[in-house]
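Visitor: Here you go, this is my_file-v1.txt (compact mmCIF, N, CA and C atoms and all ligand atoms).
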```
# COMPACT_ATOMS: atom_id res chain seq x y z
N MET W 1041 33.30 109.63 112.78
CA MET W 1041 33.14 108.79 111.60
C MET W 1041 33.03 107.32 112.02
N GLU W 1042 32.06 106.62 111.47
CA GLU W 1042 31.89 105.21 111.84
C GLU W 1042 32.95 104.36 111.14
N TYR W 1043 33.46 103.37 111.84
CA TYR W 1043 34.51 102.50 111.28
C TYR W 1043 33.94 101.65 110.14
N ASP W 1044 34.62 101.66 109.01
CA ASP W 1044 34.23 100.84 107.85
C ASP W 1044 34.93 99.49 107.94
N LYS W 1045 34.16 98.45 108.26
CA LYS W 1045 34.76 97.12 108.49
C LYS W 1045 35.34 96.50 107.23
N ASN W 1046 35.06 97.11 106.08
CA ASN W 1046 35.57 96.56 104.82
C ASN W 1046 36.70 97.38 104.23
N ASN W 1047 37.29 98.28 105.05
CA ASN W 1047 38.41 99.05 104.49
C ASN W 1047 39.60 98.11 104.25
N ILE W 1048 40.53 98.58 103.43
CA ILE W 1048 41.61 97.71 102.95
C ILE W 1048 42.49 97.17 104.08
N PHE W 1049 42.70 97.97 105.13
CA PHE W 1049 43.54 97.48 106.22
C PHE W 1049 42.78 96.47 107.09
N ALA W 1050 41.47 96.64 107.18
CA ALA W 1050 40.66 95.63 107.88
C ALA W 1050 40.79 94.30 107.15
N LYS W 1051 40.81 94.36 105.82
CA LYS W 1051 40.94 93.13 105.03
C LYS W 1051 42.32 92.52 105.20
N ILE W 1052 43.34 93.35 105.30
CA ILE W 1052 44.70 92.83 105.56
C ILE W 1052 44.72 92.16 106.93
N LEU W 1053 44.11 92.79 107.93
CA LEU W 1053 44.08 92.20 109.28
C LEU W 1053 43.35 90.86 109.30
N LYS W 1054 42.32 90.73 108.46
CA LYS W 1054 41.56 89.48 108.41
C LYS W 1054 42.26 88.43 107.53
N GLY W 1055 43.35 88.82 106.88
CA GLY W 1055 44.07 87.89 106.01
C GLY W 1055 43.42 87.73 104.65
N GLU W 1056 42.49 88.63 104.31
CA GLU W 1056 41.82 88.53 103.01
C GLU W 1056 42.65 89.13 101.89
N ILE W 1057 43.57 90.01 102.28
CA ILE W 1057 44.49 90.64 101.30
C ILE W 1057 45.90 90.45 101.86
N PRO W 1058 46.85 90.07 101.02
CA PRO W 1058 48.22 89.84 101.53
C PRO W 1058 48.95 91.14 101.81
N CYS W 1059 49.98 91.05 102.64
CA CYS W 1059 50.85 92.20 102.86
C CYS W 1059 52.26 91.68 103.10
N LYS W 1060 53.23 92.57 102.92
CA LYS W 1060 54.62 92.22 103.22
C LYS W 1060 54.87 92.56 104.69
N LYS W 1061 54.63 91.57 105.53
CA LYS W 1061 54.64 91.80 106.98
C LYS W 1061 56.05 92.09 107.50
N ILE W 1062 56.14 93.05 108.41
CA ILE W 1062 57.40 93.37 109.08
C ILE W 1062 57.34 92.87 110.52
N TYR W 1063 56.21 93.09 111.18
CA TYR W 1063 56.11 92.78 112.61
C TYR W 1063 54.64 92.63 112.99
N GLU W 1064 54.41 91.73 113.94
CA GLU W 1064 53.03 91.55 114.43
C GLU W 1064 53.08 91.10 115.89
N ASN W 1065 52.18 91.62 116.69
CA ASN W 1065 51.95 91.06 118.03
C ASN W 1065 50.44 91.11 118.30
N ASP W 1066 50.03 90.93 119.54
CA ASP W 1066 48.59 90.88 119.83
C ASP W 1066 47.89 92.21 119.55
N TYR W 1067 48.64 93.29 119.47
CA TYR W 1067 48.04 94.63 119.39
C TYR W 1067 48.22 95.32 118.05
N VAL W 1068 49.27 94.98 117.33
CA VAL W 1068 49.61 95.74 116.12
C VAL W 1068 50.04 94.82 114.98
N LEU W 1069 49.96 95.40 113.79
CA LEU W 1069 50.54 94.77 112.60
C LEU W 1069 51.32 95.85 111.86
N SER W 1070 52.49 95.48 111.36
CA SER W 1070 53.28 96.41 110.56
C SER W 1070 53.64 95.72 109.25
N PHE W 1071 53.57 96.50 108.18
CA PHE W 1071 53.87 95.95 106.85
C PHE W 1071 54.37 97.08 105.94
N HIS W 1072 54.98 96.68 104.83
CA HIS W 1072 55.50 97.66 103.88
C HIS W 1072 54.35 98.30 103.10
N ASP W 1073 54.46 99.61 102.87
CA ASP W 1073 53.46 100.31 102.07
C ASP W 1073 53.52 99.79 100.63
N VAL W 1074 52.35 99.59 100.03
CA VAL W 1074 52.26 99.04 98.68
C VAL W 1074 52.83 100.03 97.65
N ASN W 1075 52.88 101.30 98.00
CA ASN W 1075 53.32 102.34 97.06
C ASN W 1075 54.36 103.22 97.76
N PRO W 1076 55.59 102.67 97.97
CA PRO W 1076 56.55 103.38 98.82
C PRO W 1076 56.94 104.75 98.28
N GLN W 1077 56.94 105.73 99.19
CA GLN W 1077 57.31 107.11 98.83
C GLN W 1077 58.77 107.40 99.12
N LYS W 1078 59.41 106.54 99.89
CA LYS W 1078 60.84 106.68 100.20
C LYS W 1078 61.45 105.28 100.19
N LYS W 1079 62.80 105.22 100.31
CA LYS W 1079 63.48 103.91 100.25
C LYS W 1079 62.83 102.91 101.21
N ILE W 1080 62.58 103.39 102.41
CA ILE W 1080 61.83 102.58 103.36
C ILE W 1080 60.53 103.30 103.67
N HIS W 1081 59.44 102.59 103.50
CA HIS W 1081 58.11 103.16 103.79
C HIS W 1081 57.26 102.03 104.38
N ALA W 1082 57.11 102.09 105.68
CA ALA W 1082 56.36 101.06 106.39
C ALA W 1082 55.11 101.67 107.01
N LEU W 1083 54.18 100.82 107.35
CA LEU W 1083 52.95 101.24 108.03
C LEU W 1083 52.82 100.44 109.31
N VAL W 1084 52.30 101.08 110.34
CA VAL W 1084 51.99 100.39 111.59
C VAL W 1084 50.52 100.66 111.90
N ILE W 1085 49.77 99.59 112.13
CA ILE W 1085 48.33 99.74 112.41
C ILE W 1085 47.96 98.98 113.69
N PRO W 1086 47.00 99.50 114.43
CA PRO W 1086 46.51 98.74 115.58
C PRO W 1086 45.58 97.64 115.08
N LYS W 1087 45.45 96.56 115.86
CA LYS W 1087 44.50 95.51 115.47
C LYS W 1087 43.06 95.88 115.78
N GLY W 1088 42.88 96.80 116.73
CA GLY W 1088 41.53 97.27 117.04
C GLY W 1088 40.99 98.16 115.93
N GLN W 1089 39.67 98.31 115.93
CA GLN W 1089 39.00 99.05 114.86
C GLN W 1089 38.89 100.53 115.21
N TYR W 1090 39.87 101.31 114.78
CA TYR W 1090 39.89 102.75 115.03
C TYR W 1090 40.14 103.47 113.72
N THR W 1091 39.35 104.49 113.45
CA THR W 1091 39.46 105.17 112.16
C THR W 1091 40.71 106.05 112.06
N ASP W 1092 41.08 106.67 113.17
CA ASP W 1092 42.18 107.62 113.12
C ASP W 1092 42.70 107.89 114.53
N LEU W 1093 43.67 108.77 114.63
CA LEU W 1093 44.32 109.03 115.93
C LEU W 1093 43.33 109.54 116.97
N ASP W 1094 42.41 110.41 116.55
CA ASP W 1094 41.46 110.97 117.52
C ASP W 1094 40.54 109.89 118.08
N ASP W 1095 40.04 109.04 117.18
CA ASP W 1095 39.20 107.92 117.60
C ASP W 1095 40.00 107.01 118.55
N PHE W 1096 41.24 106.75 118.21
CA PHE W 1096 42.09 105.85 119.00
C PHE W 1096 42.30 106.39 120.41
N VAL W 1097 42.67 107.65 120.51
CA VAL W 1097 42.96 108.24 121.82
C VAL W 1097 41.69 108.32 122.68
N GLN W 1098 40.57 108.54 122.01
CA GLN W 1098 39.31 108.63 122.76
C GLN W 1098 38.77 107.28 123.20
N ASN W 1099 39.03 106.25 122.40
CA ASN W 1099 38.31 104.99 122.63
C ASN W 1099 39.16 103.76 122.94
N ALA W 1100 40.45 103.83 122.68
CA ALA W 1100 41.29 102.64 122.91
C ALA W 1100 41.67 102.54 124.39
N LYS W 1101 42.00 101.31 124.80
CA LYS W 1101 42.51 101.12 126.16
C LYS W 1101 43.95 101.65 126.23
N GLU W 1102 44.35 102.05 127.43
CA GLU W 1102 45.72 102.58 127.57
C GLU W 1102 46.76 101.58 127.10
N LYS W 1103 46.51 100.32 127.33
CA LYS W 1103 47.47 99.28 126.90
C LYS W 1103 47.60 99.26 125.38
N GLU W 1104 46.48 99.42 124.68
CA GLU W 1104 46.54 99.44 123.21
C GLU W 1104 47.34 100.65 122.73
N ILE W 1105 47.14 101.78 123.38
CA ILE W 1105 47.85 103.00 122.98
C ILE W 1105 49.34 102.84 123.24
N TYR W 1106 49.66 102.33 124.42
CA TYR W 1106 51.06 102.11 124.78
C TYR W 1106 51.72 101.14 123.78
N GLU W 1107 51.05 100.03 123.51
CA GLU W 1107 51.64 99.02 122.61
C GLU W 1107 51.80 99.57 121.19
N PHE W 1108 50.87 100.41 120.78
CA PHE W 1108 50.93 100.95 119.42
C PHE W 1108 52.16 101.84 119.25
N PHE W 1109 52.34 102.77 120.17
CA PHE W 1109 53.48 103.69 120.00
C PHE W 1109 54.81 102.97 120.24
N LYS W 1110 54.81 101.99 121.12
CA LYS W 1110 56.02 101.20 121.33
C LYS W 1110 56.37 100.44 120.04
N ALA W 1111 55.35 99.96 119.36
CA ALA W 1111 55.59 99.18 118.14
C ALA W 1111 56.19 100.04 117.03
N ILE W 1112 55.78 101.31 116.94
CA ILE W 1112 56.36 102.18 115.91
C ILE W 1112 57.86 102.26 116.10
N SER W 1113 58.29 102.50 117.32
CA SER W 1113 59.72 102.60 117.60
C SER W 1113 60.41 101.25 117.38
N HIS W 1114 59.74 100.18 117.75
CA HIS W 1114 60.31 98.84 117.56
C HIS W 1114 60.52 98.54 116.06
N VAL W 1115 59.53 98.88 115.26
CA VAL W 1115 59.64 98.63 113.82
C VAL W 1115 60.76 99.48 113.22
N ALA W 1116 60.88 100.72 113.68
CA ALA W 1116 61.98 101.58 113.20
C ALA W 1116 63.34 100.92 113.50
N LYS W 1117 63.46 100.34 114.67
CA LYS W 1117 64.70 99.63 115.01
C LYS W 1117 64.88 98.42 114.10
N MET W 1118 63.81 97.66 113.89
CA MET W 1118 63.89 96.48 113.03
C MET W 1118 64.35 96.86 111.61
N LEU W 1119 63.89 98.00 111.14
CA LEU W 1119 64.20 98.44 109.77
C LEU W 1119 65.53 99.19 109.70
N LYS W 1120 66.18 99.31 110.86
CA LYS W 1120 67.48 100.00 110.96
C LYS W 1120 67.40 101.46 110.49
N VAL W 1121 66.35 102.14 110.95
CA VAL W 1121 66.22 103.56 110.66
C VAL W 1121 66.05 104.38 111.95
N SER W 1122 66.29 103.74 113.10
CA SER W 1122 66.02 104.41 114.37
C SER W 1122 66.96 105.60 114.60
N ASN W 1123 66.86 106.22 115.77
CA ASN W 1123 67.66 107.42 116.04
C ASN W 1123 69.17 107.16 115.98
N VAL W 1124 69.60 105.93 116.19
CA VAL W 1124 71.04 105.63 116.07
C VAL W 1124 71.39 105.13 114.68
N ASP W 1125 70.43 105.02 113.81
CA ASP W 1125 70.68 104.52 112.44
C ASP W 1125 70.36 105.58 111.39
N GLY W 1126 70.39 106.84 111.78
CA GLY W 1126 70.15 107.89 110.80
C GLY W 1126 68.81 108.59 110.97
N GLY W 1127 67.85 107.88 111.54
CA GLY W 1127 66.56 108.52 111.84
C GLY W 1127 65.51 108.28 110.77
N TYR W 1128 64.35 108.76 111.05
CA TYR W 1128 63.19 108.51 110.20
C TYR W 1128 62.12 109.55 110.47
N ARG W 1129 61.08 109.51 109.69
CA ARG W 1129 59.92 110.36 109.97
C ARG W 1129 58.70 109.47 110.12
N THR W 1130 57.87 109.81 111.07
CA THR W 1130 56.60 109.13 111.19
C THR W 1130 55.49 110.17 111.04
N LEU W 1131 54.40 109.75 110.40
CA LEU W 1131 53.26 110.67 110.28
C LEU W 1131 51.98 109.88 110.18
N SER W 1132 50.92 110.55 110.56
CA SER W 1132 49.60 109.95 110.45
C SER W 1132 48.65 110.97 109.85
N ASN W 1133 48.02 110.61 108.76
CA ASN W 1133 47.05 111.49 108.12
C ASN W 1133 45.69 111.28 108.76
N ILE W 1134 45.01 112.38 109.05
CA ILE W 1134 43.74 112.29 109.75
C ILE W 1134 42.64 113.00 108.96
N ALA W 1135 41.67 112.20 108.54
CA ALA W 1135 40.48 112.69 107.85
C ALA W 1135 40.81 113.50 106.59
N ASN W 1136 39.85 114.30 106.18
CA ASN W 1136 39.90 114.91 104.86
C ASN W 1136 41.07 115.88 104.66
N ASN W 1137 41.19 116.86 105.54
CA ASN W 1137 42.27 117.83 105.37
C ASN W 1137 43.64 117.20 105.57
N GLY W 1138 43.70 116.13 106.36
CA GLY W 1138 44.97 115.42 106.56
C GLY W 1138 45.35 114.55 105.38
N GLY W 1139 44.41 114.32 104.47
CA GLY W 1139 44.72 113.50 103.30
C GLY W 1139 44.64 112.01 103.57
N GLN W 1140 43.87 111.61 104.56
CA GLN W 1140 43.76 110.19 104.89
C GLN W 1140 42.96 109.45 103.81
N GLU W 1141 43.56 108.37 103.29
CA GLU W 1141 42.88 107.58 102.27
C GLU W 1141 42.26 106.32 102.85
N VAL W 1142 42.98 105.67 103.75
CA VAL W 1142 42.48 104.41 104.32
C VAL W 1142 41.96 104.70 105.74
N PRO W 1143 40.66 104.45 105.97
CA PRO W 1143 40.06 104.86 107.25
C PRO W 1143 40.25 103.85 108.39
N HIS W 1144 41.49 103.41 108.55
CA HIS W 1144 41.90 102.61 109.72
C HIS W 1144 43.20 103.25 110.19
N LEU W 1145 43.27 103.63 111.48
CA LEU W 1145 44.46 104.34 111.97
C LEU W 1145 45.75 103.69 111.50
N HIS W 1146 46.65 104.48 110.96
CA HIS W 1146 47.97 103.98 110.60
C HIS W 1146 48.98 105.10 110.74
N PHE W 1147 50.17 104.72 111.16
CA PHE W 1147 51.31 105.62 111.13
C PHE W 1147 52.24 105.15 110.03
N HIS W 1148 52.71 106.11 109.23
CA HIS W 1148 53.72 105.82 108.22
C HIS W 1148 55.09 105.94 108.88
N ILE W 1149 56.03 105.14 108.45
CA ILE W 1149 57.44 105.29 108.82
C ILE W 1149 58.21 105.44 107.52
N PHE W 1150 58.87 106.61 107.37
CA PHE W 1150 59.70 106.86 106.19
C PHE W 1150 61.16 106.88 106.62
N GLY W 1151 62.04 106.23 105.88
CA GLY W 1151 63.45 106.25 106.25
C GLY W 1151 64.32 105.71 105.13
N GLY W 1152 65.60 105.50 105.49
CA GLY W 1152 66.56 104.96 104.53
C GLY W 1152 67.21 106.01 103.67
N GLU W 1153 66.77 107.24 103.79
CA GLU W 1153 67.33 108.37 103.05
C GLU W 1153 66.80 109.65 103.70
N LYS W 1154 67.34 110.82 103.29
CA LYS W 1154 66.82 112.10 103.79
C LYS W 1154 65.36 112.23 103.39
N ILE W 1155 64.52 112.58 104.31
CA ILE W 1155 63.10 112.62 104.01
C ILE W 1155 62.68 113.97 103.40
N GLY W 1156 63.41 115.03 103.73
CA GLY W 1156 63.14 116.31 103.06
C GLY W 1156 62.10 117.15 103.79
N LYS W 1157 61.48 118.05 103.02
CA LYS W 1157 60.54 119.04 103.57
C LYS W 1157 59.49 118.38 104.47
N MET W 1158 59.12 119.08 105.52
CA MET W 1158 58.15 118.50 106.44
C MET W 1158 56.78 118.35 105.79
N VAL W 1159 56.35 119.40 105.10
CA VAL W 1159 55.10 119.32 104.37
C VAL W 1159 55.27 120.00 103.01
N SER W 1160 54.47 119.57 102.04
CA SER W 1160 54.60 120.22 100.73
C SER W 1160 53.41 121.15 100.50
P1 LIG W 1201 46.93 107.53 103.93
O1 LIG W 1201 46.83 108.61 102.91
O2 LIG W 1201 47.70 107.98 105.14
O3 LIG W 1201 45.57 106.95 104.28
O4 LIG W 1201 47.81 106.39 103.26
C1 LIG W 1201 47.38 105.10 102.99
C2 LIG W 1201 48.59 104.32 102.55
O5 LIG W 1201 48.19 102.96 102.44
C3 LIG W 1201 49.16 104.71 101.20
O6 LIG W 1201 50.52 105.14 101.40
C4 LIG W 1201 49.11 103.45 100.35
C5 LIG W 1201 48.88 102.37 101.37
N1 LIG W 1201 48.06 101.28 100.91
C6 LIG W 1201 46.83 101.39 100.33
N2 LIG W 1201 46.35 100.16 100.02
C7 LIG W 1201 47.30 99.27 100.43
C8 LIG W 1201 47.38 97.84 100.38
O7 LIG W 1201 46.49 97.13 99.92
N3 LIG W 1201 48.52 97.29 100.87
C9 LIG W 1201 49.54 98.04 101.41
N4 LIG W 1201 50.61 97.37 101.86
N5 LIG W 1201 49.49 99.37 101.47
C10 LIG W 1201 48.38 99.99 100.98
```
Please express the file's structure as C-alpha cells.
Ligand code: DGP
Guide:
Amino acid sequence: MEYDKNNIFAKILKGEIPCKKIYENDYVLSFHDVNPQKKIHALVIPKGQYTDLDDFVQNAKEKEIYEFFKAISHVAKMLKVSNVDGGYRTLSNIANNGGQEVPHLHFHIFGGEKIGKMVS
C-alpha cells in the first residue's frame, strides 16, 4: 500500500493538527488517543512514513526500528503503566482485517486498569 501523505497522523507530525503530546524525539512521537478506549490510551508513531508494521520492518533502518520499540516501553514508564506499575497492553492494527483506520504505523498503549479479553 502506498503511503498517504495526507493521513491524519502525517498531519499531526507536520503540526497541522494538534495532539496531546506525551513524548517526542528524533524518531518518534507519542500522544494521547483522541477517543480513549481505556483509562490510559496512548499512541506511539514513527516519524518516518510507514503505513504499517510490515512496511516498517521491510523498509525502515534498524535504528528507526530500535528507537520505535524502545519508545513504546519508555512511554509506558512515563505513563506509569509499565511492568512494575501494573502493566499494559500494546497492539498494532494492520490493514483491513486488522481494523487499521489510520494508515501510518502506530502502536496503541492501553493501561491504567484491567484491559480484559485479548480480542473480541
Ligand atoms: P487504528 O484502528 O489502529 O488505525 O486506530 C486509530 C486510532 O487513532 C483510533 O484509536 C483513534 C485515533 N485517532 C484518529 N484520529 C485522531 C486524531 O486526530 N488525534 C488523535 N490523538 N487520535 C486520533
Visitor: Per residue of chain W within 6 Å of ligand LIG 1201 (chain W), what are the shortest atom pair and its distance in Å to one decimal, counting all atoms listed in the file, with rows by chain and residue number, as JSON lines?
Guide:
```
{"residue": "W:Ile1048", "atom": "C", "partner": "W:LIG1201", "partner_atom": "O7", "distance": 5.8}
{"residue": "W:Cys1059", "atom": "CA", "partner": "W:LIG1201", "partner_atom": "N4", "distance": 5.3}
{"residue": "W:Lys1060", "atom": "N", "partner": "W:LIG1201", "partner_atom": "N4", "distance": 5.6}
{"residue": "W:Phe1071", "atom": "C", "partner": "W:LIG1201", "partner_atom": "N4", "distance": 5.6}
{"residue": "W:His1072", "atom": "C", "partner": "W:LIG1201", "partner_atom": "N4", "distance": 4.0}
{"residue": "W:Asp1073", "atom": "C", "partner": "W:LIG1201", "partner_atom": "N4", "distance": 4.0}
{"residue": "W:Val1074", "atom": "N", "partner": "W:LIG1201", "partner_atom": "N5", "distance": 3.2}
{"residue": "W:Asn1075", "atom": "N", "partner": "W:LIG1201", "partner_atom": "C4", "distance": 4.9}
{"residue": "W:Ser1132", "atom": "C", "partner": "W:LIG1201", "partner_atom": "O2", "distance": 5.7}
{"residue": "W:Asn1133", "atom": "N", "partner": "W:LIG1201", "partner_atom": "O2", "distance": 4.5}
{"residue": "W:Gly1139", "atom": "C", "partner": "W:LIG1201", "partner_atom": "O1", "distance": 4.1}
{"residue": "W:Gln1140", "atom": "C", "partner": "W:LIG1201", "partner_atom": "O3", "distance": 3.6}
{"residue": "W:Glu1141", "atom": "N", "partner": "W:LIG1201", "partner_atom": "O3", "distance": 2.7}
{"residue": "W:Val1142", "atom": "N", "partner": "W:LIG1201", "partner_atom": "O3", "distance": 2.9}
{"residue": "W:Pro1143", "atom": "N", "partner": "W:LIG1201", "partner_atom": "O3", "distance": 5.8}
```
Visitor: Just how far from atom C of Asn1046 of chain W is atom C of Ala1116 of chain W, in Å to one decimal?
Guide: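 Rounded to one decimal, the two atoms are 28.4 Å apart.
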Visitor: What is the distance, in Å and to one decimal place, between atom CA of Ala1100 of chain W and atom CA of Asp1066 of chain W?
Guide: 14.2 Å
Visitor: Quick one, how far is atom CA of Tyr1043 of chain W from atom CA of Tyr1090 of chain W?
Guide: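 Separating atom CA of Tyr1043 of chain W from atom CA of Tyr1090 of chain W is a distance of 6.6 Å.
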Visitor: Using only C-alpha atoms, find the one residue out of W:Asn1137, W:Thr1130, W:Ser1113, W:Asn1047 that sits nearest to Tyr1063 of chain W.
Guide: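 So, comparing all the options, the nearest one is W:Ser1113.
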Visitor: When DSSP works through the backbone of this structure, what residues of chain W end up as helix (DSSP H, G or I), shown as a ChimeraX atom specification?
Guide: /W:1048-1053,1093-1099,1102-1118,1135-1138
Visitor: So, with all atoms listed in the file as the atoms that count, which of W:Lys1078, W:Val1115, W:Phe1108, W:Thr1091 lies closest to Lys1154 of chain W?
Guide: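 Of all the options, W:Lys1078 lies closest to Lys1154 of chain W.
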Visitor: So, with only C-alpha atoms as the atoms that count, which of W:Lys1054, W:His1148, W:Lys1117, W:Arg1129 lies closest to Gly1088 of chain W?
Guide: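 Among the listed residues, the smallest separation from Gly1088 of chain W belongs to W:Lys1054.
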Visitor: Could you tell me which of W:His1114, W:Lys1120, W:His1144, W:Asp1125 comes closest to Leu1053 of chain W if we count only C-alpha atoms?
Guide: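 The closest residue to Leu1053 of chain W is W:His1144.
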Visitor: As a compact mmCIF listing (two decimals) with N, CA and C atoms, keeping the file's coordinate frame, please: all residues of segment 1057-1142 of chain W that backbone DSSP puts in strand (DSSP E or B).
Guide:
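Saved the output as selection-v2.txt:
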```txt
# COMPACT_ATOMS: atom_id res chain seq x y z
N LYS W 1061 54.63 91.57 105.53
CA LYS W 1061 54.64 91.80 106.98
C LYS W 1061 56.05 92.09 107.50
N ILE W 1062 56.14 93.05 108.41
CA ILE W 1062 57.40 93.37 109.08
C ILE W 1062 57.34 92.87 110.52
N TYR W 1063 56.21 93.09 111.18
CA TYR W 1063 56.11 92.78 112.61
C TYR W 1063 54.64 92.63 112.99
N GLU W 1064 54.41 91.73 113.94
CA GLU W 1064 53.03 91.55 114.43
C GLU W 1064 53.08 91.10 115.89
N VAL W 1068 49.27 94.98 117.33
CA VAL W 1068 49.61 95.74 116.12
C VAL W 1068 50.04 94.82 114.98
N LEU W 1069 49.96 95.40 113.79
CA LEU W 1069 50.54 94.77 112.60
C LEU W 1069 51.32 95.85 111.86
N SER W 1070 52.49 95.48 111.36
CA SER W 1070 53.28 96.41 110.56
C SER W 1070 53.64 95.72 109.25
N PHE W 1071 53.57 96.50 108.18
CA PHE W 1071 53.87 95.95 106.85
C PHE W 1071 54.37 97.08 105.94
N HIS W 1072 54.98 96.68 104.83
CA HIS W 1072 55.50 97.66 103.88
C HIS W 1072 54.35 98.30 103.10
N ILE W 1080 62.58 103.39 102.41
CA ILE W 1080 61.83 102.58 103.36
C ILE W 1080 60.53 103.30 103.67
N HIS W 1081 59.44 102.59 103.50
CA HIS W 1081 58.11 103.16 103.79
C HIS W 1081 57.26 102.03 104.38
N ALA W 1082 57.11 102.09 105.68
CA ALA W 1082 56.36 101.06 106.39
C ALA W 1082 55.11 101.67 107.01
N LEU W 1083 54.18 100.82 107.35
CA LEU W 1083 52.95 101.24 108.03
C LEU W 1083 52.82 100.44 109.31
N VAL W 1084 52.30 101.08 110.34
CA VAL W 1084 51.99 100.39 111.59
C VAL W 1084 50.52 100.66 111.90
N ILE W 1085 49.77 99.59 112.13
CA ILE W 1085 48.33 99.74 112.41
C ILE W 1085 47.96 98.98 113.69
N PRO W 1086 47.00 99.50 114.43
CA PRO W 1086 46.51 98.74 115.58
C PRO W 1086 45.58 97.64 115.08
N TYR W 1128 64.35 108.76 111.05
CA TYR W 1128 63.19 108.51 110.20
C TYR W 1128 62.12 109.55 110.47
N ARG W 1129 61.08 109.51 109.69
CA ARG W 1129 59.92 110.36 109.97
C ARG W 1129 58.70 109.47 110.12
N THR W 1130 57.87 109.81 111.07
CA THR W 1130 56.60 109.13 111.19
C THR W 1130 55.49 110.17 111.04
N LEU W 1131 54.40 109.75 110.40
CA LEU W 1131 53.26 110.67 110.28
C LEU W 1131 51.98 109.88 110.18
```
Visitor: Given all atoms listed in the file as the basis, pick out the residue of W:Asp1095, W:Val1159, W:Ala1082, W:Ile1112 nearest to Met1041 of chain W.
Guide: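 Of W:Asp1095, W:Val1159, W:Ala1082, W:Ile1112, the one nearest Met1041 of chain W is W:Asp1095, counting all atoms listed in the file.
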Visitor: Nearest to Ile1155 of chain W among W:Met1118, W:Ile1080, W:Ala1135, W:Val1068, with distances taken over only C-alpha atoms: which residue is it?
Guide: W:Ile1080
Visitor: Produce the centre coordinates and the three edge lengths, each in Å to one decimal, of the box along x, y and z that contains all listed atoms of segment 1132-1143 of chain W with 3 Å added on each side, as lines of an AutoDock Vina configuration file.
Guide:
```
center_x = 45.4
center_y = 110.8
center_z = 106.4
size_x = 17.1
size_y = 20.0
size_z = 14.3
```
Visitor: Quick one: residues within 10 Å of Glu1064 of chain W, only C-alpha atoms, excluding same-chain residues fewer than 4 positions away - as a PDB file with N, CA and C atoms, in the coordinates of the input?
Guide:
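Result file part02.pdb:
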```
ATOM      1  N   VAL W1068      49.270  94.980 117.330  1.00  0.00           N
ATOM      2  CA  VAL W1068      49.610  95.740 116.120  1.00  0.00           C
ATOM      3  C   VAL W1068      50.040  94.820 114.980  1.00  0.00           C
ATOM      4  N   LEU W1069      49.960  95.400 113.790  1.00  0.00           N
ATOM      5  CA  LEU W1069      50.540  94.770 112.600  1.00  0.00           C
ATOM      6  C   LEU W1069      51.320  95.850 111.860  1.00  0.00           C
ATOM      7  N   SER W1070      52.490  95.480 111.360  1.00  0.00           N
ATOM      8  CA  SER W1070      53.280  96.410 110.560  1.00  0.00           C
ATOM      9  C   SER W1070      53.640  95.720 109.250  1.00  0.00           C
ATOM     10  N   PHE W1071      53.570  96.500 108.180  1.00  0.00           N
ATOM     11  CA  PHE W1071      53.870  95.950 106.850  1.00  0.00           C
ATOM     12  C   PHE W1071      54.370  97.080 105.940  1.00  0.00           C
ATOM     13  N   VAL W1084      52.300 101.080 110.340  1.00  0.00           N
ATOM     14  CA  VAL W1084      51.990 100.390 111.590  1.00  0.00           C
ATOM     15  C   VAL W1084      50.520 100.660 111.900  1.00  0.00           C
ATOM     16  N   ILE W1085      49.770  99.590 112.130  1.00  0.00           N
ATOM     17  CA  ILE W1085      48.330  99.740 112.410  1.00  0.00           C
ATOM     18  C   ILE W1085      47.960  98.980 113.690  1.00  0.00           C
ATOM     19  N   PRO W1086      47.000  99.500 114.430  1.00  0.00           N
ATOM     20  CA  PRO W1086      46.510  98.740 115.580  1.00  0.00           C
ATOM     21  C   PRO W1086      45.580  97.640 115.080  1.00  0.00           C
ATOM     22  N   LYS W1087      45.450  96.560 115.860  1.00  0.00           N
ATOM     23  CA  LYS W1087      44.500  95.510 115.470  1.00  0.00           C
ATOM     24  C   LYS W1087      43.060  95.880 115.780  1.00  0.00           C
ATOM     25  N   ALA W1111      55.350  99.960 119.360  1.00  0.00           N
ATOM     26  CA  ALA W1111      55.590  99.180 118.140  1.00  0.00           C
ATOM     27  C   ALA W1111      56.190 100.040 117.030  1.00  0.00           C
ATOM     28  N   VAL W1115      59.530  98.880 115.260  1.00  0.00           N
ATOM     29  CA  VAL W1115      59.640  98.630 113.820  1.00  0.00           C
ATOM     30  C   VAL W1115      60.760  99.480 113.220  1.00  0.00           C
TER      31      VAL W1115
END
```
